[in-house]
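Following: one structure in structure tokens, then a few remarks.
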Amino acid sequence: MKIEKGIPVSPAIHRRGLLLGALGLAAAPLLAACADDEPAAAPGASGAAGPKQLRIGYQLIPNGDLIVKDQGWLEAALPGTKVVWSKFDSGGDVNTAIIAGAIDIGLAGSSPVARGLAAPLNIPYAVPWIFDVIGDNEALVVKPGIDSVAALAGKKVATPFASTSHYSLLAALAAAGVPESGLKIIDLEPPEIQAAWQRGDIDGAYVWTPVLAELRKQGKVLVTSRDLAGQGKLTADLAVVRKDFLAQYPAAVKTWLRQQDRAVKLTRSDKAAAAASIGKQLNLSPDEAAAQLAELVLLDLSEQAGADYLGKPGAPGKLAENLHSAAEFLTAQKKLTGAPDLAVYQSALAVQALADAA
Amino acid sequence: MHDPLPFRDRLRAAGLRFAAVAGAVAVWWAVARAQIWPPVFVPSPGSVWHQFLATSGLTGDGDGWAGYTLGEHLLASLRRMAIGCAYGVGGGIVLGLLIGLVPVLDTVLGPVVTFVRTLPPLAYLSLLVIWFGIDESPKVWLLLLAALPPVAVATADAVRAVPADYVYAARSLGAGRAQIPWRIVLPAAAPEILTGIRVAVGVAYTTVVAAETVNGVPGIGGMIRDAQRYNQTDVVVLGIILIGLSGLFFDALLRYAQRRLTPWRGRA
């Protein structure tokens with residue numbers, strides 16, 4: 001799902017997100033100044049001292065995080081800790097909040113995380129969990145009559161810039177040998193993509209649900225992010241945790257990981273209950289929520305420890321390579337001055353925490 | 001041209017301004033240097049300057065930001081501003097004249113103008129996108145809607161305030177009905193209308209970033225938005241400084257025009 005922007009709720013909310021982002025920038029020094037009130041140790045939580053509060057930045061994406069939130073599992077598992085949930089619209093804002101020390105654990109797409117771990121941000125955070133691997137919920141849809149990616153030459157294609165979709169679009173073009181200069185790629189948010197599509201202003205779009213679902217009705221899907229993941233261009237929604245927090249409260253992170261694992265297992269054992277929880281959080285009917293959930297690839301704890309994903313201590317998984325190649329892509333786009341070494345991304349995978357939770 | 005201040009005073013004012021700017025930059029530099037906050041929050045003047053050189057094509061590969069140089073971004077924004085303001089000012093003067101001269105229209109259109117004036121542009125931008133697409137027209141429309149009400153209100157007020165004696169004098173000297181608005185009312189109202197135009201250009205300036213949130217590249221607003229998404233604060237600051245400076249420049253230009261076009265202002 002979106003790397004940069006949250007599920008498109010409505011254009012107005014997105015505008016507001018932008019404004020809030022700008023305000024956030026202005027308020028950031030203040031936030032940083034207030035960040036001294038680190039969650040101090042509270043006695044009584046699972047024997048060892050747990051954090052007084054756990055501040056979580058979540059996004060409206062139909063994955064396990066919303067199940068954990070809806071069911072109140074974290075609150076139940078961390079009785080001495082106050083769990084604070086804040087909604088974010090984009091991974092960029094989550095990065096800013098982590099720098100400011102305003103949240104402890106957040107959700108960001110692979111693109112913002114690749115950026116956050118690189119200079120000049122160099123955010124001291126680690127990736128302990130993959131919320132979801134983007135599958136059929138992001139895809140390249142084109143007007144009827146365009147039969148291949150190569151046929152897009154000279155056409156107008158829209159995508160929200162800085163998103164996983166943007167990354168995937170350029171990866172698909174590169175795979176088909178279409179140079180970026182060979183077509184017009186324009187930056188639009190999902191609601192505007194839908195408007196532009198209906199007006200006939202664009203020939204195609206790489207975008208996520210629910211706008212994708214609307215476009216699919218009249219268009220043709222050329223490539224999905226599931227296809228691209230198969231070709232090594234994986235995009236995902238990742239958890240990030242402040243390194244300080246992870247070092248200070250490993251037990252709390254372990255509990256957090258176990259709740260996430262429990263949510264993923266629920267999506268397999270009781271699809272209806274999982275869909276109902278997600279539907280409640282997204283204001284969707286359980287059927288719609290189930291359909292959206294099915295388009296994502298969720299991984300349980302043992303799958304996350306596999307070599308293709310986070311990996312094991314001493315053997316960091318392939319996700320590091322995905323992040324590294326996303327950073328190289330951003331460097332080519334001049335959004336980064338240079339991609340850090342692969343080792344930077346390997347050491348940012350919190351494989352020890354994952355192994356401890358198993 | 002009458003010069004309100006002797007040369008020495010003007011020199012002093014210029015020196016004072018320069019010192020204030022230099023002081024502000026020095027404080028900025030010191031704060032950035034002290035690293036109290038990460039550079040993402042407070043980029044240093046040096047990195048903003050570096051971005052200025054890189055995006056304007058003076059250094060580096062000349063590709064600028066997002067495929068356009070700083071000059072191209074600025075020109076695109078100014079072009080939109082010029083077209084939007086031209087329509088807005090033209091429409092505002094005509095509307096203001098009508099409202100000021102025809103009481104029926106005042107009753108009908110007055111509240112409409114106030115209604116439009118109080119709307120935040122972001123509230124109706126998505127409608128403009130649905131109606132006018134994603135290219136230039138929604139942006140020009142947004143700027144037009146921002147620039148029109150201040151001019152219309154200023155014109156209407158100024159027209160109402162034109163002393164009736166002027167009209168009587170003109171009529172008794174043989175002016176026809178059709179000549180009154182253009183020869184008497186408009187010139188008499190000109191100083192306030194020009195002030196309205198200055199306000200309108202200012203309002204349009206504050207709207208340009210909003211106008212460029214949809215497919216805004218090239219454009220300074222589009223550049224700021226794009227940079228903000230990548231946490232490239234130095235480019236954001238650069239864009240803000242550029243908007244502010246060009247705004248100062250155009251305001252000075254309009255003030256000069258005001259002095260040239262209505263030299264009697266404040267001395268009647």
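The way I read the labels, and the way they are meant: chains A, B, ... in the order of the structure tokens, residue 1 as the first residue of every chain, and ligand 1 as the first ligand shown, with later ones counted on from there.
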For Val42 (chain B), list every protein, DNA or RNA residue within 7 Å, evaluated using only C-alpha atoms, and leave out those in the same chain fewer than 4 positions away; present the list as a VMD selection string. chain B and resid 32 37 to 38
Proximal residues of chain B relative to chain A (only C-alpha atoms; 10 Å) as a PyMOL selection string: chain B and resi 36-42+63-67+122-127+129-135+210+213-217+222+225-233+236
Would you please extract all helix (DSSP H, G or I) residues from region 235-267 of chain A, as assigned by DSSP on the backbone, and give them as a PDB file with N, CA and C atoms, in the first residue's frame?
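Final output, saved to result34.pdb:
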```pdb
ATOM      1  N   LYS A 243      15.587   2.982  17.806  1.00  0.00           N
ATOM      2  CA  LYS A 243      16.629   2.095  18.338  1.00  0.00           C
ATOM      3  C   LYS A 243      16.748   2.232  19.856  1.00  0.00           C
ATOM      4  N   ASP A 244      16.600   3.471  20.355  1.00  0.00           N
ATOM      5  CA  ASP A 244      16.640   3.695  21.807  1.00  0.00           C
ATOM      6  C   ASP A 244      15.590   2.854  22.506  1.00  0.00           C
ATOM      7  N   PHE A 245      14.389   2.913  21.930  1.00  0.00           N
ATOM      8  CA  PHE A 245      13.267   2.217  22.552  1.00  0.00           C
ATOM      9  C   PHE A 245      13.510   0.713  22.543  1.00  0.00           C
ATOM     10  N   LEU A 246      13.996   0.219  21.392  1.00  0.00           N
ATOM     11  CA  LEU A 246      14.262  -1.211  21.263  1.00  0.00           C
ATOM     12  C   LEU A 246      15.313  -1.661  22.281  1.00  0.00           C
ATOM     13  N   ALA A 247      16.351  -0.830  22.476  1.00  0.00           N
ATOM     14  CA  ALA A 247      17.415  -1.204  23.410  1.00  0.00           C
ATOM     15  C   ALA A 247      16.919  -1.163  24.853  1.00  0.00           C
ATOM     16  N   GLN A 248      16.027  -0.180  25.128  1.00  0.00           N
ATOM     17  CA  GLN A 248      15.595   0.012  26.505  1.00  0.00           C
ATOM     18  C   GLN A 248      14.483  -0.955  26.911  1.00  0.00           C
ATOM     19  N   PRO A 250      13.245  -4.136  25.302  1.00  0.00           N
ATOM     20  CA  PRO A 250      13.122  -5.279  24.368  1.00  0.00           C
ATOM     21  C   PRO A 250      11.889  -6.129  24.661  1.00  0.00           C
ATOM     22  N   ALA A 251      11.486  -6.174  25.952  1.00  0.00           N
ATOM     23  CA  ALA A 251      10.339  -7.020  26.299  1.00  0.00           C
ATOM     24  C   ALA A 251       9.055  -6.467  25.690  1.00  0.00           C
ATOM     25  N   ALA A 252       8.938  -5.124  25.681  1.00  0.00           N
ATOM     26  CA  ALA A 252       7.740  -4.514  25.117  1.00  0.00           C
ATOM     27  C   ALA A 252       7.683  -4.758  23.611  1.00  0.00           C
ATOM     28  N   VAL A 253       8.831  -4.663  22.953  1.00  0.00           N
ATOM     29  CA  VAL A 253       8.867  -4.902  21.508  1.00  0.00           C
ATOM     30  C   VAL A 253       8.512  -6.363  21.217  1.00  0.00           C
ATOM     31  N   LYS A 254       9.006  -7.253  22.085  1.00  0.00           N
ATOM     32  CA  LYS A 254       8.701  -8.679  21.923  1.00  0.00           C
ATOM     33  C   LYS A 254       7.186  -8.901  22.015  1.00  0.00           C
ATOM     34  N   THR A 255       6.571  -8.267  23.005  1.00  0.00           N
ATOM     35  CA  THR A 255       5.122  -8.381  23.156  1.00  0.00           C
ATOM     36  C   THR A 255       4.410  -7.836  21.921  1.00  0.00           C
ATOM     37  N   TRP A 256       4.892  -6.691  21.450  1.00  0.00           N
ATOM     38  CA  TRP A 256       4.294  -6.057  20.276  1.00  0.00           C
ATOM     39  C   TRP A 256       4.360  -7.013  19.072  1.00  0.00           C
ATOM     40  N   LEU A 257       5.547  -7.643  18.881  1.00  0.00           N
ATOM     41  CA  LEU A 257       5.728  -8.557  17.748  1.00  0.00           C
ATOM     42  C   LEU A 257       4.772  -9.741  17.853  1.00  0.00           C
ATOM     43  N   ARG A 258       4.593 -10.235  19.082  1.00  0.00           N
ATOM     44  CA  ARG A 258       3.721 -11.411  19.255  1.00  0.00           C
ATOM     45  C   ARG A 258       2.268 -11.082  18.936  1.00  0.00           C
ATOM     46  N   GLN A 259       1.855  -9.830  19.256  1.00  0.00           N
ATOM     47  CA  GLN A 259       0.477  -9.438  18.927  1.00  0.00           C
ATOM     48  C   GLN A 259       0.302  -9.345  17.413  1.00  0.00           C
ATOM     49  N   GLN A 260       1.340  -8.833  16.740  1.00  0.00           N
ATOM     50  CA  GLN A 260       1.263  -8.735  15.279  1.00  0.00           C
ATOM     51  C   GLN A 260       1.168 -10.138  14.665  1.00  0.00           C
ATOM     52  N   ASP A 261       1.971 -11.046  15.216  1.00  0.00           N
ATOM     53  CA  ASP A 261       1.957 -12.422  14.718  1.00  0.00           C
ATOM     54  C   ASP A 261       0.569 -13.041  14.922  1.00  0.00           C
ATOM     55  N   ARG A 262       0.004 -12.731  16.086  1.00  0.00           N
ATOM     56  CA  ARG A 262      -1.322 -13.248  16.410  1.00  0.00           C
ATOM     57  C   ARG A 262      -2.351 -12.736  15.396  1.00  0.00           C
ATOM     58  N   ALA A 263      -2.221 -11.467  14.998  1.00  0.00           N
ATOM     59  CA  ALA A 263      -3.153 -10.884  14.037  1.00  0.00           C
ATOM     60  C   ALA A 263      -3.034 -11.560  12.671  1.00  0.00           C
ATOM     61  N   VAL A 264      -1.796 -11.810  12.254  1.00  0.00           N
ATOM     62  CA  VAL A 264      -1.597 -12.462  10.955  1.00  0.00           C
ATOM     63  C   VAL A 264      -2.205 -13.861  10.993  1.00  0.00           C
ATOM     64  N   LYS A 265      -2.008 -14.552  12.142  1.00  0.00           N
ATOM     65  CA  LYS A 265      -2.558 -15.915  12.248  1.00  0.00           C
ATOM     66  C   LYS A 265      -4.081 -15.875  12.253  1.00  0.00           C
ATOM     67  N   LEU A 266      -4.644 -14.806  12.821  1.00  0.00           N
ATOM     68  CA  LEU A 266      -6.104 -14.692  12.827  1.00  0.00           C
ATOM     69  C   LEU A 266      -6.646 -14.555  11.399  1.00  0.00           C
ATOM     70  N   THR A 267      -5.892 -13.833  10.534  1.00  0.00           N
ATOM     71  CA  THR A 267      -6.370 -13.671   9.154  1.00  0.00           C
ATOM     72  C   THR A 267      -6.435 -15.014   8.434  1.00  0.00           C
TER      73      THR A 267
END
```
Selection near Tyr87 (chain B), 8 Å with only C-alpha atoms, sequence-local residues under 3 positions removed, as a ChimeraX atom specification: /B:83-84,90-91,144,148
Kindly export the residues of the current selection with C-alpha atoms, as a short mmCIF file (atom, residue, chain, number, x, y, z; two decimals), in the first residue's frame.
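To be explicit, this is the file written out as again.cif:
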```cif
data_model
loop_
_atom_site.label_atom_id
_atom_site.label_comp_id
_atom_site.auth_asym_id
_atom_site.auth_seq_id
_atom_site.Cartn_x
_atom_site.Cartn_y
_atom_site.Cartn_z
CA ILE B 83 -2.99 34.95 -15.93
CA GLY B 84 -5.05 34.29 -12.80
CA GLY B 90 -10.31 42.55 -14.67
CA GLY B 91 -13.35 40.68 -13.41
CA LEU B 144 -8.69 33.96 -10.27
CA LEU B 148 -11.19 38.60 -7.70
#
```
Excluding same-chain residues fewer than 2 positions from Val241 (chain A), what lies within 9 Å of it counting only C-alpha atoms, as a PyMOL selection string? chain A and resi 98+103-106+124-128+239+243-246+253+350
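Around His73 (chain B), within 6 Å and counting only C-alpha atoms, the residues found are Pro218, Gly219 and Ile220 of chain B, once anything fewer than 6 positions away on its own chain is removed.
Nearest to Arg160 (chain B) of all the residues B:Ala200, B:Ile184, B:Ala20, B:Ile99 is B:Ile99, counting only C-alpha atoms.
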For Phe115 (chain B), find every residue with an atom within 12 Å (counting only C-alpha atoms), except residues of its own chain fewer than 4 positions away, and show them as a ChimeraX atom specification. /B:108-111,119-120,145-146,149-150,153
Find the residues around Phe52 (chain B) up to 10 Å (only C-alpha atoms counted), leave out those fewer than 5 positions away in its own chain, and share them as a PyMOL selection string. chain B and resi 46-47+57-59+64+69-70+234-235+238-239+242
Hey, which of B:Val167, B:Val102, B:Leu143, B:Ala13 ends up closest to Leu78 (chain B)? Count only C-alpha atoms. B:Leu143
Output as an MDAnalysis selection string all residues of region 189-235 of chain A that backbone DSSP marks as strand (DSSP E or B). chainID A and resid 204:208 220:224
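Ranking B:Ala154, B:Ile241, B:Val27, B:Val21 by their shortest atom-to-atom distance to Arg198 (chain B), with only C-alpha atoms included, puts B:Ala154 first.
Proximity to His166 (chain A) was assessed for A:Val240, A:Ile146, A:Leu284, A:Ala326 counting only C-alpha atoms; the smallest distance is recorded for A:Ala326.
Separating CA of Val178 (chain A) from CA of Ala150 (chain A) is a distance of 6.0 Å.
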